[in-house]
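S.K.: Dropping in input02.pdb, which is PDB, C-alpha atoms:
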MODEL        1
ATOM      1  CA  MET A   6     -50.080-195.023 -35.136  1.00  0.00           C
ATOM      2  CA  LEU A   7     -48.554-191.743 -34.048  1.00  0.00           C
ATOM      3  CA  GLU A   8     -45.099-193.146 -34.723  1.00  0.00           C
ATOM      4  CA  TRP A   9     -46.154-194.338 -38.181  1.00  0.00           C
ATOM      5  CA  LEU A  10     -47.595-190.915 -39.007  1.00  0.00           C
ATOM      6  CA  LYS A  11     -44.385-189.215 -37.898  1.00  0.00           C
ATOM      7  CA  GLU A  12     -42.560-190.688 -40.898  1.00  0.00           C
ATOM      8  CA  PRO A  13     -45.243-191.793 -43.343  1.00  0.00           C
ATOM      9  CA  GLU A  14     -42.759-192.177 -46.204  1.00  0.00           C
ATOM     10  CA  LEU A  15     -41.031-195.003 -44.308  1.00  0.00           C
ATOM     11  CA  ASN A  16     -44.140-196.624 -42.868  1.00  0.00           C
ATOM     12  CA  PHE A  17     -46.452-196.523 -45.889  1.00  0.00           C
ATOM     13  CA  PRO A  18     -44.125-197.087 -48.868  1.00  0.00           C
ATOM     14  CA  ASP A  19     -46.882-198.110 -51.283  1.00  0.00           C
ATOM     15  CA  HIS A  20     -48.741-194.820 -50.826  1.00  0.00           C
ATOM     16  CA  ASP A  21     -50.080-192.700 -53.672  1.00  0.00           C
ATOM     17  CA  PRO A  22     -47.218-191.409 -55.875  1.00  0.00           C
ATOM     18  CA  GLU A  23     -48.352-187.824 -55.211  1.00  0.00           C
ATOM     19  CA  GLY A  24     -46.931-188.252 -51.740  1.00  0.00           C
ATOM     20  CA  PHE A  25     -48.453-187.382 -48.422  1.00  0.00           C
ATOM     21  CA  ILE A  26     -49.927-183.990 -49.223  1.00  0.00           C
ATOM     22  CA  HIS A  27     -53.154-184.783 -47.358  1.00  0.00           C
ATOM     23  CA  GLY A  28     -51.722-187.375 -44.970  1.00  0.00           C
ATOM     24  CA  VAL A  29     -52.305-191.130 -44.819  1.00  0.00           C
ATOM     25  CA  CYS A  30     -55.623-192.727 -45.723  1.00  0.00           C
ATOM     26  CA  VAL A  31     -57.435-194.513 -42.913  1.00  0.00           C
ATOM     27  CA  GLY A  32     -57.500-197.677 -45.045  1.00  0.00           C
ATOM     28  CA  GLN A  33     -53.713-197.799 -45.150  1.00  0.00           C
ATOM     29  CA  ILE A  34     -53.490-197.302 -41.401  1.00  0.00           C
ATOM     30  CA  GLN A  35     -56.065-200.044 -40.891  1.00  0.00           C
ATOM     31  CA  ALA A  36     -54.169-202.471 -43.134  1.00  0.00           C
ATOM     32  CA  LYS A  37     -50.889-201.820 -41.308  1.00  0.00           C
ATOM     33  CA  ALA A  38     -52.503-202.097 -37.869  1.00  0.00           C
ATOM     34  CA  GLY A  39     -54.281-205.337 -38.693  1.00  0.00           C
ATOM     35  CA  LEU A  40     -57.349-204.134 -36.805  1.00  0.00           C
ATOM     36  CA  THR A  41     -60.908-203.584 -37.950  1.00  0.00           C
ATOM     37  CA  GLN A  42     -61.721-200.324 -39.680  1.00  0.00           C
ATOM     38  CA  SER A  43     -64.092-199.342 -36.870  1.00  0.00           C
ATOM     39  CA  THR A  44     -61.389-199.903 -34.208  1.00  0.00           C
ATOM     40  CA  VAL A  45     -58.836-197.862 -36.147  1.00  0.00           C
ATOM     41  CA  SER A  46     -61.389-195.109 -36.748  1.00  0.00           C
ATOM     42  CA  GLU A  47     -62.152-194.971 -33.023  1.00  0.00           C
ATOM     43  CA  TYR A  48     -58.441-194.705 -32.136  1.00  0.00           C
ATOM     44  CA  LEU A  49     -57.938-191.985 -34.745  1.00  0.00           C
ATOM     45  CA  SER A  50     -60.993-190.123 -33.480  1.00  0.00           C
ATOM     46  CA  ILE A  51     -59.580-190.127 -29.931  1.00  0.00           C
ATOM     47  CA  LEU A  52     -56.210-188.851 -31.170  1.00  0.00           C
ATOM     48  CA  GLN A  53     -57.950-186.162 -33.207  1.00  0.00           C
ATOM     49  CA  ARG A  54     -60.051-184.980 -30.255  1.00  0.00           C
ATOM     50  CA  ALA A  55     -56.847-184.797 -28.188  1.00  0.00           C
ATOM     51  CA  GLY A  56     -55.331-182.597 -30.907  1.00  0.00           C
ATOM     52  CA  PHE A  57     -52.497-184.963 -31.820  1.00  0.00           C
ATOM     53  CA  ILE A  58     -53.652-185.606 -35.392  1.00  0.00           C
ATOM     54  CA  GLU A  59     -55.554-183.690 -38.042  1.00  0.00           C
ATOM     55  CA  ALA A  60     -58.047-185.166 -40.478  1.00  0.00           C
ATOM     56  CA  LYS A  61     -58.819-184.027 -44.009  1.00  0.00           C
ATOM     57  CA  ARG A  62     -61.664-185.347 -46.103  1.00  0.00           C
ATOM     58  CA  VAL A  63     -60.929-185.629 -49.832  1.00  0.00           C
ATOM     59  CA  GLY A  64     -63.834-187.092 -51.768  1.00  0.00           C
ATOM     60  CA  GLN A  65     -64.793-190.344 -50.071  1.00  0.00           C
ATOM     61  CA  TRP A  66     -61.459-190.718 -48.276  1.00  0.00           C
ATOM     62  CA  THR A  67     -60.267-189.350 -44.953  1.00  0.00           C
ATOM     63  CA  TYR A  68     -56.559-188.670 -44.530  1.00  0.00           C
ATOM     64  CA  TYR A  69     -54.698-188.238 -41.264  1.00  0.00           C
ATOM     65  CA  LYS A  70     -51.459-186.514 -40.349  1.00  0.00           C
ATOM     66  CA  ARG A  71     -49.743-185.596 -37.119  1.00  0.00           C
ATOM     67  CA  ASN A  72     -50.266-182.176 -35.631  1.00  0.00           C
ATOM     68  CA  GLU A  73     -46.600-181.440 -34.941  1.00  0.00           C
ATOM     69  CA  GLY A  74     -47.496-178.187 -33.180  1.00  0.00           C
ATOM     70  CA  ALA A  75     -49.350-180.159 -30.514  1.00  0.00           C
ATOM     71  CA  PHE A  76     -46.289-182.321 -29.889  1.00  0.00           C
ATOM     72  CA  GLU A  77     -44.056-179.261 -29.607  1.00  0.00           C
ATOM     73  CA  ALA A  78     -46.452-177.678 -27.103  1.00  0.00           C
ATOM     74  CA  LEU A  79     -46.631-180.895 -25.082  1.00  0.00           C
ATOM     75  CA  SER A  80     -42.842-181.172 -25.049  1.00  0.00           C
ATOM     76  CA  LYS A  81     -42.502-177.579 -23.768  1.00  0.00           C
ATOM     77  CA  LEU A  82     -45.148-178.206 -21.126  1.00  0.00           C
ATOM     78  CA  ILE A  83     -43.383-181.320 -19.884  1.00  0.00           C
ATOM     79  CA  GLN A  84     -39.977-179.614 -19.844  1.00  0.00           C
ATOM     80  CA  SER A  85     -41.233-176.598 -17.939  1.00  0.00           C
ATOM     81  CA  ASN A  86     -43.432-178.409 -15.431  1.00  0.00           C
ATOM     82  CA  LEU A  87     -41.768-181.721 -14.693  1.00  0.00           C
TER      83      LEU A  87
ENDMDL
END
Go ahead and render the structure in this file as structure tokens.

M.R.:
Amino acid sequence: MLEWLKEPELNFPDHDPEGFIHGVCVGQIQAKAGLTQSTVSEYLSILQRAGFIEAKRVGQWTYYKRNEGAFEALSKLIQSNL
């Protein structure tokens, strides 16, 4: 899922024509994953609590996008400590 969210334009080509302003809708992630909505929501919740993704509620939909700052910080931590 994190890889898909890194390049949403390539991984969710039938997305809303307005682009990925808010991120990718959980329903699209669920369809691509082929898992139940509750399983996908649990995975996304774990990633959000870890700080790797951000969620935005727009009306009845929740959109997710990567928190690139968290990945940069993790990369620096790994490089400096390992």

S.K.: Please provide as a ChimeraX atom specification all residues within 7 Å of range 64-70 of chain A, with the sequence filter that same-chain residues fewer than 2 positions apart are discarded (counting only C-alpha atoms).

M.R.: /A:10,27-31,58-62,72

S.K.: Using only C-alpha atoms, give me every residue within 10 Å of (-46.5, -192.2, -36.2) in file coordinates, as a list in words.

M.R.: Met6, Leu7, Glu8, Trp9, Leu10, Lys11, Glu12, Pro13, Asn16, Ile58, Lys70 and Arg71 of chain A

S.K.: What's the 12 Å shell around Gln42 in chain A, counting all atoms listed in the file, without same-chain residues fewer than 6 positions away, as an MDAnalysis selection string?

M.R.: chainID A and resid 30:36 48:50

S.K.: Quick one: what's the axis-aligned box for range 39-48 of chain A, all listed atoms, 8 Å on every side, centre and edges in Å to one decimal, as AutoDock Vina command-line options?

M.R.:
--center_x -59.2 --center_y -200.0 --center_z -35.9 --size_x 25.8 --size_y 26.6 --size_z 23.5

S.K.: For the file shown, report as a PyMOL selection string the outcome of the PyMOL selection byres ((chain A and resi 76) around 12) at residue level.

M.R.: chain A and resi 7-8+11+52+55-58+71-75+77-83

S.K.: For CA of Leu40 in chain A and CA of Val63 in chain A, quote the distance in Å rounded to one decimal.

M.R.: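 Distance between the two atoms: 22.9 Å.
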
S.K.: Quick one, how far is CA of Ser85 in chain A from CA of Ile51 in chain A?

M.R.: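 One can read the CA of Ser85 in chain A to CA of Ile51 in chain A distance as 25.8 Å.
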
S.K.: What is the distance between CA of Lys37 in chain A and CA of Leu15 in chain A, in Å to one decimal?

M.R.: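 Between CA of Lys37 in chain A and CA of Leu15 in chain A the gap is 12.4 Å.
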